[in-house]
>>> print(open('target-v5.csv').read())   # CSV, C-alpha atoms
chain,number,residue,atom,x,y,z
A,19,MET,CA,-141.2,-211.5,70.9
A,20,LEU,CA,-140.1,-209.0,68.2
A,21,TRP,CA,-137.5,-207.6,70.5
A,22,LYS,CA,-136.3,-211.1,71.3
A,23,MET,CA,-135.9,-211.8,67.6
A,24,PHE,CA,-134.0,-208.6,67.0
A,25,ILE,CA,-131.6,-209.4,69.8
A,26,THR,CA,-131.1,-213.0,68.6
A,27,PHE,CA,-130.3,-211.9,65.1
A,28,PHE,CA,-128.2,-209.0,66.3
A,29,LYS,CA,-126.0,-211.6,68.2
A,30,ILE,CA,-125.8,-213.7,65.1
A,31,GLY,CA,-124.7,-210.8,63.0
A,32,ALA,CA,-122.2,-209.6,65.6
A,33,PHE,CA,-120.3,-212.8,66.2
A,34,THR,CA,-120.0,-214.5,62.8
A,35,PHE,CA,-116.9,-213.8,60.9
A,36,GLY,CA,-116.1,-215.0,57.4
A,37,GLY,CA,-119.2,-214.1,55.4
A,38,GLY,CA,-122.7,-215.4,55.1
A,39,PHE,CA,-122.1,-219.1,54.8
A,40,ALA,CA,-120.4,-219.1,58.2
A,41,MET,CA,-123.6,-217.7,59.7
A,42,ILE,CA,-125.9,-220.6,58.7
A,43,PRO,CA,-124.9,-223.1,61.4
A,44,ILE,CA,-125.1,-220.3,64.0
A,45,ILE,CA,-128.6,-219.3,62.8
A,46,LYS,CA,-129.6,-222.9,63.0
A,47,LYS,CA,-128.3,-223.3,66.5
A,48,GLU,CA,-130.1,-220.3,67.8
A,49,VAL,CA,-133.4,-220.5,65.9
A,50,VAL,CA,-133.9,-224.3,65.6
A,51,GLU,CA,-132.1,-225.8,68.5
A,52,LYS,CA,-132.1,-223.2,71.3
A,53,LYS,CA,-135.3,-221.2,70.7
A,54,ASN,CA,-137.4,-223.8,68.8
A,55,TRP,CA,-138.8,-221.1,66.5
A,56,ILE,CA,-138.4,-223.2,63.3
A,57,LYS,CA,-138.6,-226.9,62.6
A,58,ASP,CA,-135.5,-228.7,61.4
A,59,GLU,CA,-137.0,-229.7,58.0
A,60,ASP,CA,-138.3,-226.1,57.4
A,61,PHE,CA,-134.9,-224.7,58.1
A,62,ILE,CA,-133.4,-226.8,55.3
A,63,ASP,CA,-136.0,-225.4,52.9
A,64,ILE,CA,-135.3,-221.9,54.1
A,65,ILE,CA,-131.6,-222.3,53.4
A,66,SER,CA,-132.0,-223.6,49.9
A,67,ILE,CA,-134.3,-220.6,49.1
A,68,ALA,CA,-131.9,-218.2,50.7
A,69,GLN,CA,-129.1,-219.6,48.8
A,70,SER,CA,-130.7,-219.4,45.4
A,71,SER,CA,-132.2,-215.9,45.8
A,72,PRO,CA,-130.0,-212.9,45.0
A,73,GLY,CA,-128.5,-211.1,48.0
A,74,PRO,CA,-126.5,-212.1,51.0
A,75,ILE,CA,-127.5,-215.6,52.2
A,76,ALA,CA,-127.5,-214.6,55.9
A,77,VAL,CA,-129.8,-211.7,55.2
A,78,ASN,CA,-132.1,-213.7,53.0
A,79,SER,CA,-132.4,-216.6,55.6
A,80,SER,CA,-133.0,-214.3,58.5
A,81,ILE,CA,-135.7,-212.4,56.6
A,82,TYR,CA,-137.4,-215.7,55.7
A,83,VAL,CA,-137.1,-217.0,59.3
A,84,GLY,CA,-138.6,-213.7,60.5
A,85,TYR,CA,-141.6,-214.1,58.2
A,86,LYS,CA,-142.2,-217.7,59.4
A,87,ILE,CA,-142.1,-216.7,63.1
A,88,LYS,CA,-144.0,-213.4,63.1
A,89,GLY,CA,-144.9,-212.2,59.6
A,90,PHE,CA,-143.9,-208.9,58.1
A,91,SER,CA,-142.8,-207.2,61.3
A,92,GLY,CA,-140.8,-210.3,62.2
A,93,ALA,CA,-139.0,-210.1,58.9
A,94,ILE,CA,-138.1,-206.5,59.4
A,95,CYS,CA,-136.8,-207.1,63.0
A,96,SER,CA,-134.7,-210.1,62.1
A,97,GLY,CA,-133.4,-208.5,58.9
A,98,LEU,CA,-132.4,-205.3,60.8
A,99,GLY,CA,-130.9,-207.4,63.6
A,100,THR,CA,-128.6,-209.2,61.2
A,101,ILE,CA,-127.5,-206.1,59.4
A,102,MET,CA,-127.0,-203.7,62.3
A,103,PRO,CA,-123.8,-205.1,63.8
A,104,SER,CA,-122.0,-205.1,60.4
A,105,PHE,CA,-123.2,-201.6,59.8
A,106,LEU,CA,-122.0,-200.2,63.1
A,107,ILE,CA,-118.7,-202.0,63.2
A,108,ILE,CA,-117.8,-201.0,59.6
A,109,LEU,CA,-118.9,-197.4,60.3
A,110,ILE,CA,-116.4,-197.2,63.1
A,111,ILE,CA,-113.6,-198.8,61.0
A,112,ALA,CA,-114.3,-196.5,58.1
A,113,LYS,CA,-114.0,-193.4,60.2
A,114,PHE,CA,-110.7,-194.7,61.7
A,115,PHE,CA,-109.3,-196.1,58.5
A,116,SER,CA,-109.3,-192.9,56.4
A,117,GLY,CA,-107.1,-191.2,58.9
A,118,PHE,CA,-104.7,-194.1,59.0
A,119,SER,CA,-104.2,-195.2,55.4
A,120,ASN,CA,-101.0,-193.1,54.9
A,121,ASN,CA,-99.2,-194.8,57.7
A,122,ILE,CA,-96.2,-196.8,56.3
A,123,ILE,CA,-96.7,-199.9,58.5
A,124,ILE,CA,-100.4,-200.1,57.5
A,125,GLU,CA,-99.4,-199.8,53.9
A,126,LYS,CA,-97.0,-202.8,54.3
A,127,ILE,CA,-99.6,-204.8,56.1
A,128,PHE,CA,-102.0,-204.2,53.1
A,129,MET,CA,-99.2,-205.1,50.6
A,130,GLY,CA,-99.3,-208.5,52.3
A,131,ILE,CA,-103.0,-208.7,52.6
A,132,ARG,CA,-103.9,-207.9,49.0
A,133,PRO,CA,-102.5,-211.1,47.4
A,134,ALA,CA,-104.1,-213.0,50.3
A,135,VAL,CA,-107.5,-211.8,49.1
A,136,VAL,CA,-106.7,-213.3,45.7
A,137,ALA,CA,-105.9,-216.6,47.5
A,138,LEU,CA,-109.2,-216.6,49.3
A,139,ILE,CA,-111.1,-216.0,46.1
A,140,ILE,CA,-109.3,-218.8,44.4
A,141,SER,CA,-109.9,-221.1,47.4
A,142,ALA,CA,-113.6,-220.4,46.9
A,143,ILE,CA,-113.4,-221.4,43.2
A,144,TYR,CA,-111.5,-224.5,44.1
A,145,GLY,CA,-114.2,-225.5,46.7
A,146,LEU,CA,-117.0,-224.8,44.2
A,147,VAL,CA,-115.5,-226.8,41.4
A,148,LYS,CA,-114.7,-229.7,43.7
A,149,ASN,CA,-118.1,-229.9,45.3
A,150,SER,CA,-120.6,-229.1,42.6
A,151,GLN,CA,-120.2,-231.6,39.8
A,152,PHE,CA,-120.3,-229.3,36.7
A,153,ASN,CA,-120.6,-230.8,33.3
A,154,ASN,CA,-118.4,-229.6,30.4
A,155,LEU,CA,-121.0,-227.2,29.1
A,156,GLN,CA,-121.4,-225.6,32.5
A,157,LEU,CA,-117.7,-225.4,32.9
A,158,SER,CA,-117.3,-223.7,29.5
A,159,LEU,CA,-120.0,-221.3,30.4
A,160,ALA,CA,-118.1,-220.4,33.6
A,161,VAL,CA,-114.8,-219.9,31.7
A,162,ALA,CA,-116.6,-217.8,29.0
A,163,THR,CA,-118.2,-215.7,31.7
A,164,ALA,CA,-114.9,-214.9,33.4
A,165,LEU,CA,-113.1,-214.1,30.2
A,166,THR,CA,-115.8,-211.9,28.7
A,167,ILE,CA,-116.2,-209.9,31.8
A,168,VAL,CA,-112.5,-209.3,32.3
A,169,PHE,CA,-111.4,-208.9,28.7
A,170,LEU,CA,-114.4,-207.7,26.8
A,171,ASP,CA,-115.8,-205.6,29.6
A,172,ILE,CA,-119.3,-207.1,29.4
A,173,ASN,CA,-121.6,-206.2,32.2
A,174,PRO,CA,-121.9,-209.2,34.6
A,175,ILE,CA,-125.7,-208.7,34.7
A,176,TYR,CA,-125.9,-209.7,31.0
A,177,MET,CA,-124.0,-212.8,31.6
A,178,ILE,CA,-126.4,-213.9,34.4
A,179,ILE,CA,-129.3,-213.3,32.1
A,180,LEU,CA,-127.6,-215.2,29.2
A,181,GLY,CA,-126.9,-218.1,31.5
A,182,VAL,CA,-130.6,-218.3,32.5
A,183,ILE,CA,-131.7,-218.1,28.8
A,184,ILE,CA,-129.3,-220.9,27.7
A,185,SER,CA,-130.3,-223.1,30.6
A,186,ILE,CA,-134.1,-222.7,30.0
A,187,THR,CA,-133.7,-223.2,26.2
A,188,ILE,CA,-131.6,-226.4,26.6
A,189,ASN,CA,-133.9,-227.9,29.3
A,190,LYS,CA,-137.0,-227.0,27.3
A,191,ILE,CA,-135.6,-228.8,24.2
A,192,ARG,CA,-134.6,-231.8,26.3
A,193,ASN,CA,-138.1,-231.9,28.0
A,194,LYS,CA,-139.8,-231.9,24.6
A,195,LYS,CA,-137.7,-234.7,23.4
A,196,THR,CA,-138.5,-236.9,26.4
A,197,ILE,CA,-142.2,-236.1,26.0
A,198,ASP,CA,-142.1,-236.9,22.2
A,199,LYS,CA,-140.5,-240.3,22.9
B,25,MET,CA,-127.9,-185.2,46.4
B,26,SER,CA,-127.4,-186.8,43.0
B,27,VAL,CA,-124.5,-188.9,44.4
B,28,ILE,CA,-126.9,-190.4,47.0
B,29,ILE,CA,-129.3,-191.4,44.3
B,30,GLN,CA,-126.4,-192.9,42.3
B,31,LEU,CA,-125.3,-194.8,45.4
B,32,PHE,CA,-128.8,-196.1,45.9
B,33,ILE,CA,-129.2,-197.3,42.2
B,34,SER,CA,-125.7,-198.9,42.1
B,35,PHE,CA,-126.2,-200.9,45.4
B,36,PHE,CA,-129.8,-201.8,44.5
B,37,LYS,CA,-128.5,-203.4,41.3
B,38,ILE,CA,-125.7,-205.1,43.2
B,39,GLY,CA,-128.1,-206.5,45.7
B,40,ALA,CA,-130.5,-207.7,43.0
B,41,PHE,CA,-127.9,-209.5,40.9
B,42,SER,CA,-125.6,-211.0,43.4
B,43,PHE,CA,-126.1,-214.7,43.4
B,44,GLY,CA,-124.1,-217.2,45.2
B,45,GLY,CA,-122.5,-215.3,48.1
B,46,GLY,CA,-120.1,-212.4,48.4
B,47,TYR,CA,-117.4,-213.1,45.9
B,48,ALA,CA,-119.7,-213.5,42.9
B,49,MET,CA,-120.8,-209.9,43.3
B,50,LEU,CA,-117.3,-208.5,43.1
B,51,PRO,CA,-117.2,-208.0,39.3
B,52,LEU,CA,-120.5,-206.0,39.5
B,53,LEU,CA,-119.2,-204.0,42.5
B,54,GLU,CA,-116.0,-203.3,40.6
B,55,LYS,CA,-117.9,-202.3,37.4
B,56,GLU,CA,-120.3,-199.9,39.3
B,57,LEU,CA,-117.9,-198.3,41.8
B,58,VAL,CA,-114.5,-198.4,40.2
B,59,GLU,CA,-115.2,-198.2,36.4
B,60,LYS,CA,-118.5,-196.4,36.1
B,61,HIS,CA,-118.6,-193.9,38.9
B,62,GLN,CA,-114.9,-193.9,39.8
B,63,TRP,CA,-115.7,-193.5,43.5
B,64,ILE,CA,-112.6,-195.5,44.5
B,65,SER,CA,-109.5,-197.1,43.0
B,66,THR,CA,-109.0,-200.8,42.5
B,67,THR,CA,-106.4,-200.9,45.3
B,68,ASP,CA,-108.8,-199.2,47.7
B,69,PHE,CA,-111.5,-201.7,46.6
B,70,ILE,CA,-109.3,-204.6,47.5
B,71,ASP,CA,-108.4,-203.1,50.9
B,72,ILE,CA,-112.1,-202.7,51.7
B,73,LEU,CA,-112.6,-206.3,50.6
B,74,ALA,CA,-109.9,-207.4,53.0
B,75,ILE,CA,-111.5,-205.4,55.9
B,76,SER,CA,-114.9,-206.8,55.1
B,77,GLU,CA,-113.4,-210.3,55.3
B,78,MET,CA,-112.0,-209.7,58.8
B,79,THR,CA,-115.1,-208.1,60.3
B,80,PRO,CA,-118.3,-210.0,61.3
B,81,GLY,CA,-121.3,-210.1,58.9
B,82,PRO,CA,-121.9,-210.7,55.2
B,83,ILE,CA,-119.3,-209.2,52.8
B,84,ALA,CA,-122.0,-207.5,50.8
B,85,ILE,CA,-123.3,-205.5,53.8
B,86,ASN,CA,-119.8,-204.7,55.0
B,87,SER,CA,-118.6,-203.4,51.7
B,88,ALA,CA,-121.8,-201.4,51.0
B,89,THR,CA,-121.5,-199.7,54.4
B,90,PHE,CA,-117.8,-199.0,53.9
B,91,LEU,CA,-118.0,-197.7,50.3
B,92,GLY,CA,-121.1,-195.7,51.1
B,93,TYR,CA,-119.3,-194.0,53.9
B,94,ASN,CA,-116.2,-193.3,51.8
B,95,VAL,CA,-118.3,-191.8,49.0
B,96,ALA,CA,-120.9,-189.8,51.0
B,97,GLY,CA,-120.4,-190.0,54.8
B,98,ILE,CA,-122.9,-191.5,57.2
B,99,LEU,CA,-125.9,-190.8,54.9
B,100,GLY,CA,-124.0,-192.6,52.1
B,101,ALA,CA,-123.4,-195.6,54.4
B,102,MET,CA,-127.0,-195.8,55.3
B,103,VAL,CA,-128.3,-195.5,51.8
B,104,ALA,CA,-125.9,-198.0,50.3
B,105,THR,CA,-126.6,-200.6,53.1
B,106,PHE,CA,-130.4,-200.1,52.7
B,107,ALA,CA,-130.2,-200.4,48.9
B,108,VAL,CA,-128.1,-203.5,49.0
B,109,VAL,CA,-130.6,-205.4,51.2
B,110,LEU,CA,-133.8,-204.0,49.7
B,111,PRO,CA,-133.9,-206.5,46.8
B,112,SER,CA,-133.4,-209.4,49.2
B,113,PHE,CA,-136.4,-208.1,51.2
B,114,ILE,CA,-138.6,-207.7,48.1
B,115,ILE,CA,-137.6,-211.1,46.6
B,116,ILE,CA,-137.9,-213.1,49.8
B,117,THR,CA,-141.3,-211.5,50.5
B,118,ILE,CA,-142.5,-212.6,47.0
B,119,ILE,CA,-141.2,-216.1,47.5
B,120,TYR,CA,-142.7,-216.4,51.0
B,121,LYS,CA,-146.1,-215.4,49.7
B,122,SER,CA,-146.1,-217.8,46.7
B,123,ILE,CA,-143.8,-220.6,47.8
B,124,ASN,CA,-146.2,-223.4,46.6
B,125,LYS,CA,-146.3,-222.0,43.0
B,126,PHE,CA,-142.5,-221.8,43.0
B,127,LYS,CA,-141.9,-225.3,44.2
B,128,SER,CA,-144.0,-226.9,41.4
B,129,SER,CA,-142.6,-224.9,38.5
B,130,PRO,CA,-139.8,-226.6,36.5
B,131,TYR,CA,-138.5,-223.2,35.4
B,132,VAL,CA,-137.2,-222.4,38.9
B,133,GLY,CA,-134.8,-225.3,38.8
B,134,TRP,CA,-133.7,-224.4,35.2
B,135,VAL,CA,-133.0,-220.8,36.2
B,136,PHE,CA,-130.7,-221.9,39.0
B,137,LYS,CA,-129.0,-224.5,36.8
B,138,GLY,CA,-128.1,-221.6,34.4
B,139,ILE,CA,-127.0,-219.2,37.1
B,140,ARG,CA,-124.7,-221.6,38.9
B,141,PRO,CA,-121.9,-221.8,36.3
B,142,VAL,CA,-122.2,-218.0,35.7
B,143,VAL,CA,-121.6,-217.5,39.4
B,144,LEU,CA,-118.4,-219.6,39.1
B,145,GLY,CA,-117.3,-217.5,36.2
B,146,LEU,CA,-118.0,-214.3,38.1
B,147,ILE,CA,-115.8,-215.4,41.0
B,148,GLY,CA,-113.2,-216.3,38.4
B,149,ALA,CA,-113.4,-212.8,36.9
B,150,ALA,CA,-113.0,-211.4,40.5
B,151,ALA,CA,-109.8,-213.5,41.0
B,152,ILE,CA,-108.3,-212.1,37.7
B,153,THR,CA,-109.2,-208.5,38.4
B,154,VAL,CA,-108.0,-208.5,42.0
B,155,GLY,CA,-104.9,-210.5,41.0
B,156,ARG,CA,-103.9,-208.0,38.3
B,157,THR,CA,-103.8,-205.2,41.0
B,158,SER,CA,-102.5,-207.3,43.9
B,159,PHE,CA,-99.6,-209.1,42.2
B,160,VAL,CA,-97.1,-206.2,42.2
B,161,ASP,CA,-94.1,-208.5,42.4
B,162,ILE,CA,-92.9,-212.1,43.0
B,163,LYS,CA,-93.3,-211.7,46.8
B,164,ALA,CA,-97.0,-211.1,46.4
B,165,VAL,CA,-97.4,-214.2,44.2
B,166,PHE,CA,-95.6,-216.2,46.9
B,167,ILE,CA,-97.9,-214.9,49.6
B,168,ALA,CA,-101.0,-215.8,47.5
B,169,ILE,CA,-99.7,-219.4,46.8
B,170,LEU,CA,-98.9,-220.0,50.5
B,171,LEU,CA,-102.3,-218.7,51.6
B,172,PHE,CA,-104.2,-220.7,49.0
B,173,TYR,CA,-102.4,-223.8,50.2
B,174,LEU,CA,-103.0,-223.1,53.9
B,175,VAL,CA,-106.7,-222.2,53.4
B,176,SER,CA,-107.7,-224.9,50.9
B,177,PHE,CA,-105.6,-227.9,52.1
B,178,LYS,CA,-104.6,-227.1,55.7
B,179,LYS,CA,-108.1,-225.7,56.4
B,180,ILE,CA,-106.8,-222.7,58.4
B,181,ASN,CA,-109.3,-220.0,59.3
B,182,PRO,CA,-109.4,-217.3,56.6
B,183,ILE,CA,-109.2,-214.5,59.2
B,184,LEU,CA,-106.0,-216.1,60.6
B,185,GLY,CA,-104.7,-216.3,57.0
B,186,ILE,CA,-105.3,-212.6,56.5
B,187,ILE,CA,-103.5,-211.7,59.7
B,188,LEU,CA,-100.6,-214.0,58.7
B,189,ALA,CA,-100.4,-212.2,55.3
B,190,GLY,CA,-100.3,-208.9,57.1
B,191,VAL,CA,-97.4,-210.0,59.2
B,192,LEU,CA,-95.7,-211.3,56.0
B,193,GLY,CA,-96.3,-207.9,54.4
B,194,ILE,CA,-94.4,-206.1,57.3
B,195,ILE,CA,-91.5,-208.6,57.0
B,196,LEU,CA,-91.2,-208.7,53.2
B,197,TYR,CA,-91.8,-205.1,52.2
>>> encode(input="target-v5.csv", output="structure tokens")
Amino acid sequence: MLWKMFITFFKIGAFTFGGGFAMIPIIKKEVVEKKNWIKDEDFIDIISIAQSSPGPIAVNSSIYVGYKIKGFSGAICSGLGTIMPSFLIILIIAKFFSGFSNNIIIEKIFMGIRPAVVALIISAIYGLVKNSQFNNLQLSLAVATALTIVFLDINPIYMIILGVIISITINKIRNKKTIDK
Amino acid sequence: MSVIIQLFISFFKIGAFSFGGGYAMLPLLEKELVEKHQWISTTDFIDILAISEMTPGPIAINSATFLGYNVAGILGAMVATFAVVLPSFIIITIIYKSINKFKSSPYVGWVFKGIRPVVLGLIGAAAITVGRTSFVDIKAVFIAILLFYLVSFKKINPILGIILAGVLGIILY
């Protein structure tokens, strides 16, 4: 069983391009539909947990699925399976790339690709703003975060902690008001 | 040896504080690897990012392996990759063991409400930082606008987009 889990997650890790979110439907297909290891409603819970915990969402969800199926050893097998393909592929590329980076054609290709990376990041922002109805306070916090990190050189970790403190304070006050009423 | 320990600490921090997917961890990656330890330049950083985007697997894992290898060879790659997933493992273990407590606490929801806008801001910061290095001339801005249009509105696959941008690079430069 453990070996089967490792192989399944290895396949998932090896064939999903485009980051963690692209992996979710494929994990679902393998684990819920094909293998029946996890129930559909449990899978939805797992994804929301994986999404809100720090770390790559694909790794988080495969570790959680591993726990559900076979406890601690299951978590290790599915986690390792997910990570292994990336690790091996990148290792090969890293070895190859260092000897190649002075090539003029490669340099031209990367001159084109670098601005494309900016475009992909902005596309992600566009998608986030469109899909998750932020209020004005949340949007200002987002803008303030971006500006302080870039221009005031504040450590991103502090901004995460600050966001949490602000949110807890505001919600506590709001909660108290509704109870008082 | 000390560089291995530094790699471990840096990537453990990155793993522990990266919410909301790959792009949101870029400012922290940049802070740790480019600014603090000066292991790589911003340009190399962007190239590694582009390579991570085109290879299978989560961006966090890909870039940890790549940067670890660049800084300290195979051992570096192993340590960085292990360190970046270790927080996930610890946190998911804790949540799995105490899921019922988590579900009933209102604090959990509040914490995430506060983190979400910061994540958006972090991705914004990444866009500015990467843009400052990538936009070397007007041709680069043109490539970025074209790609944004194709990916956001024409829904083309991002990998296809990167390949197209590489071809444009050969033609334009």
>>> closest_atom_pairs(input="target-v5.csv", of="region 30-136 of chain B", to="region 74-80 of chain A", cutoff="8 Å", atoms="all atoms listed in the file", output="tab-separated table")
residue	atom	partner	partner_atom	distance
B:Gly39	CA	A:Pro74	CA	7.9
B:Ser42	CA	A:Pro74	CA	7.7
B:Gly44	CA	A:Ile75	CA	7.9
B:Gly45	CA	A:Pro74	CA	5.9
B:Gly46	CA	A:Pro74	CA	6.9
B:Pro82	CA	A:Pro74	CA	6.4
B:Ile83	CA	A:Pro74	CA	8.0
B:Ala84	CA	A:Pro74	CA	6.4
B:Ile85	CA	A:Pro74	CA	7.9
B:Val109	CA	A:Val77	CA	7.5
B:Ser112	CA	A:Asn78	CA	5.9
B:Phe113	CA	A:Asn78	CA	7.3
B:Ile116	CA	A:Asn78	CA	6.7
>>> closest_residue(input="target-v5.csv", among="A:Gln151, A:Phe169, A:Gly73, A:Ile191", to="Tyr47 (chain B)", atoms="only C-alpha atoms")
A:Gly73
>>> atom_distance(input="target-v5.csv", atom1="CA of Ala160 (chain A)", atom2="CA of Lys60 (chain B)")
24.1 Å
>>> atom_distance(input="target-v5.csv", atom1="CA of Ile29 (chain B)", atom2="CA of Ala68 (chain A)")
27.7 Å
>>> residues_near_point(input="target-v5.csv", point="(-103.9, -216.6, 50.5)", cutoff="6 Å", atoms="only C-alpha atoms", output="MDAnalysis selection string")
(chainID A and resid 134 137:138) or (chainID B and resid 168 171:172)
>>> atom_distance(input="target-v5.csv", atom1="CA of Ala74 (chain B)", atom2="CA of Val136 (chain A)")
9.9 Å
>>> closest_residue(input="target-v5.csv", among="B:Ile118, B:Ile167, B:Ile33, B:Ile180", to="chain A", atoms="all atoms listed in the file")
B:Ile167
>>> residues_around(input="target-v5.csv", residues="Lys53 (chain A)", least_positions_apart="5", cutoff="10 Å", atoms="all atoms listed in the file", output="PyMOL selection string")
chain A and resi 23+26+46-48
>>> closest_residue(input="target-v5.csv", among="B:Glu56, B:Phe41, B:Leu50, B:Ala104", to="chain A", atoms="all atoms listed in the file")
B:Phe41
>>> residues_near_point(input="target-v5.csv", point="(-104.3, -212.7, 56.2)", cutoff="10 Å", atoms="all atoms listed in the file", output="mmCIF file with C-alpha atoms, in the frame of the given file")
data_model
loop_
_atom_site.group_PDB
_atom_site.id
_atom_site.type_symbol
_atom_site.label_atom_id
_atom_site.label_comp_id
_atom_site.auth_asym_id
_atom_site.auth_seq_id
_atom_site.Cartn_x
_atom_site.Cartn_y
_atom_site.Cartn_z
ATOM 1 C CA ILE A 127 -99.600 -204.800 56.100
ATOM 2 C CA PHE A 128 -102.000 -204.200 53.100
ATOM 3 C CA GLY A 130 -99.300 -208.500 52.300
ATOM 4 C CA ILE A 131 -103.000 -208.700 52.600
ATOM 5 C CA ARG A 132 -103.900 -207.900 49.000
ATOM 6 C CA PRO A 133 -102.500 -211.100 47.400
ATOM 7 C CA ALA A 134 -104.100 -213.000 50.300
ATOM 8 C CA VAL A 135 -107.500 -211.800 49.100
ATOM 9 C CA ALA A 137 -105.900 -216.600 47.500
ATOM 10 C CA LEU A 138 -109.200 -216.600 49.300
ATOM 11 C CA ALA B 74 -109.900 -207.400 53.000
ATOM 12 C CA GLU B 77 -113.400 -210.300 55.300
ATOM 13 C CA MET B 78 -112.000 -209.700 58.800
ATOM 14 C CA ILE B 167 -97.900 -214.900 49.600
ATOM 15 C CA ALA B 168 -101.000 -215.800 47.500
ATOM 16 C CA LEU B 171 -102.300 -218.700 51.600
ATOM 17 C CA ASN B 181 -109.300 -220.000 59.300
ATOM 18 C CA PRO B 182 -109.400 -217.300 56.600
ATOM 19 C CA ILE B 183 -109.200 -214.500 59.200
ATOM 20 C CA LEU B 184 -106.000 -216.100 60.600
ATOM 21 C CA GLY B 185 -104.700 -216.300 57.000
ATOM 22 C CA ILE B 186 -105.300 -212.600 56.500
ATOM 23 C CA ILE B 187 -103.500 -211.700 59.700
ATOM 24 C CA LEU B 188 -100.600 -214.000 58.700
ATOM 25 C CA ALA B 189 -100.400 -212.200 55.300
ATOM 26 C CA GLY B 190 -100.300 -208.900 57.100
ATOM 27 C CA VAL B 191 -97.400 -210.000 59.200
ATOM 28 C CA LEU B 192 -95.700 -211.300 56.000
ATOM 29 C CA GLY B 193 -96.300 -207.900 54.400
#
>>> residues_around(input="target-v5.csv", residues="Pro130 (chain B)", least_positions_apart="5", cutoff="10 Å", atoms="all atoms listed in the file", output="ChimeraX atom specification")
/A:186,189-190 /B:135
>>> closest_residue(input="target-v5.csv", among="B:Thr66, B:Ser34, B:Ser129, B:Asn94", to="chain A", atoms="all atoms listed in the file")
B:Asn94
>>> residues_around(input="target-v5.csv", residues="Val27 (chain B)", least_positions_apart="2", cutoff="10 Å", atoms="only C-alpha atoms", output="VMD selection string")
chain B and resid 25 29 to 33 61 63 95 to 96 100
>>> closest_residue(input="target-v5.csv", among="A:Val182, A:Ile42, A:Val147, A:Leu106", to="chain B", atoms="only C-alpha atoms")
A:Val182
>>> build_atoms(input="target-v5.csv", residues="region 165-177 of chain A", atoms="N, CA and C atoms", output="PDB file, in the frame of the given file")
ATOM      1  N   LEU A 165    -113.922-214.750  31.218  1.00  0.00           N
ATOM      2  CA  LEU A 165    -113.100-214.100  30.200  1.00  0.00           C
ATOM      3  C   LEU A 165    -113.828-212.894  29.577  1.00  0.00           C
ATOM      4  N   THR A 166    -115.116-213.050  29.275  1.00  0.00           N
ATOM      5  CA  THR A 166    -115.800-211.900  28.700  1.00  0.00           C
ATOM      6  C   THR A 166    -115.921-210.730  29.608  1.00  0.00           C
ATOM      7  N   ILE A 167    -116.122-211.013  30.895  1.00  0.00           N
ATOM      8  CA  ILE A 167    -116.200-209.900  31.800  1.00  0.00           C
ATOM      9  C   ILE A 167    -114.912-209.156  31.978  1.00  0.00           C
ATOM     10  N   VAL A 168    -113.823-209.926  32.085  1.00  0.00           N
ATOM     11  CA  VAL A 168    -112.500-209.300  32.300  1.00  0.00           C
ATOM     12  C   VAL A 168    -112.010-208.622  31.028  1.00  0.00           C
ATOM     13  N   PHE A 169    -112.063-209.355  29.916  1.00  0.00           N
ATOM     14  CA  PHE A 169    -111.400-208.900  28.700  1.00  0.00           C
ATOM     15  C   PHE A 169    -112.252-208.112  27.748  1.00  0.00           C
ATOM     16  N   LEU A 170    -113.531-208.456  27.690  1.00  0.00           N
ATOM     17  CA  LEU A 170    -114.400-207.700  26.800  1.00  0.00           C
ATOM     18  C   LEU A 170    -115.267-206.701  27.503  1.00  0.00           C
ATOM     19  N   ASP A 171    -115.097-206.671  28.842  1.00  0.00           N
ATOM     20  CA  ASP A 171    -115.800-205.600  29.600  1.00  0.00           C
ATOM     21  C   ASP A 171    -117.278-205.684  29.502  1.00  0.00           C
ATOM     22  N   ILE A 172    -117.804-206.913  29.462  1.00  0.00           N
ATOM     23  CA  ILE A 172    -119.300-207.100  29.400  1.00  0.00           C
ATOM     24  C   ILE A 172    -119.836-206.923  30.808  1.00  0.00           C
ATOM     25  N   ASN A 173    -120.990-206.311  30.902  1.00  0.00           N
ATOM     26  CA  ASN A 173    -121.600-206.200  32.200  1.00  0.00           C
ATOM     27  C   ASN A 173    -122.028-207.546  32.777  1.00  0.00           C
ATOM     28  N   PRO A 174    -121.627-207.839  34.040  1.00  0.00           N
ATOM     29  CA  PRO A 174    -121.900-209.200  34.600  1.00  0.00           C
ATOM     30  C   PRO A 174    -123.428-209.486  34.619  1.00  0.00           C
ATOM     31  N   ILE A 175    -124.276-208.473  34.705  1.00  0.00           N
ATOM     32  CA  ILE A 175    -125.700-208.700  34.700  1.00  0.00           C
ATOM     33  C   ILE A 175    -126.153-209.432  33.428  1.00  0.00           C
ATOM     34  N   TYR A 176    -125.576-209.012  32.276  1.00  0.00           N
ATOM     35  CA  TYR A 176    -125.900-209.700  31.000  1.00  0.00           C
ATOM     36  C   TYR A 176    -125.547-211.121  31.000  1.00  0.00           C
ATOM     37  N   MET A 177    -124.400-211.437  31.632  1.00  0.00           N
ATOM     38  CA  MET A 177    -124.000-212.800  31.600  1.00  0.00           C
ATOM     39  C   MET A 177    -124.904-213.698  32.485  1.00  0.00           C
TER      40      MET A 177
END
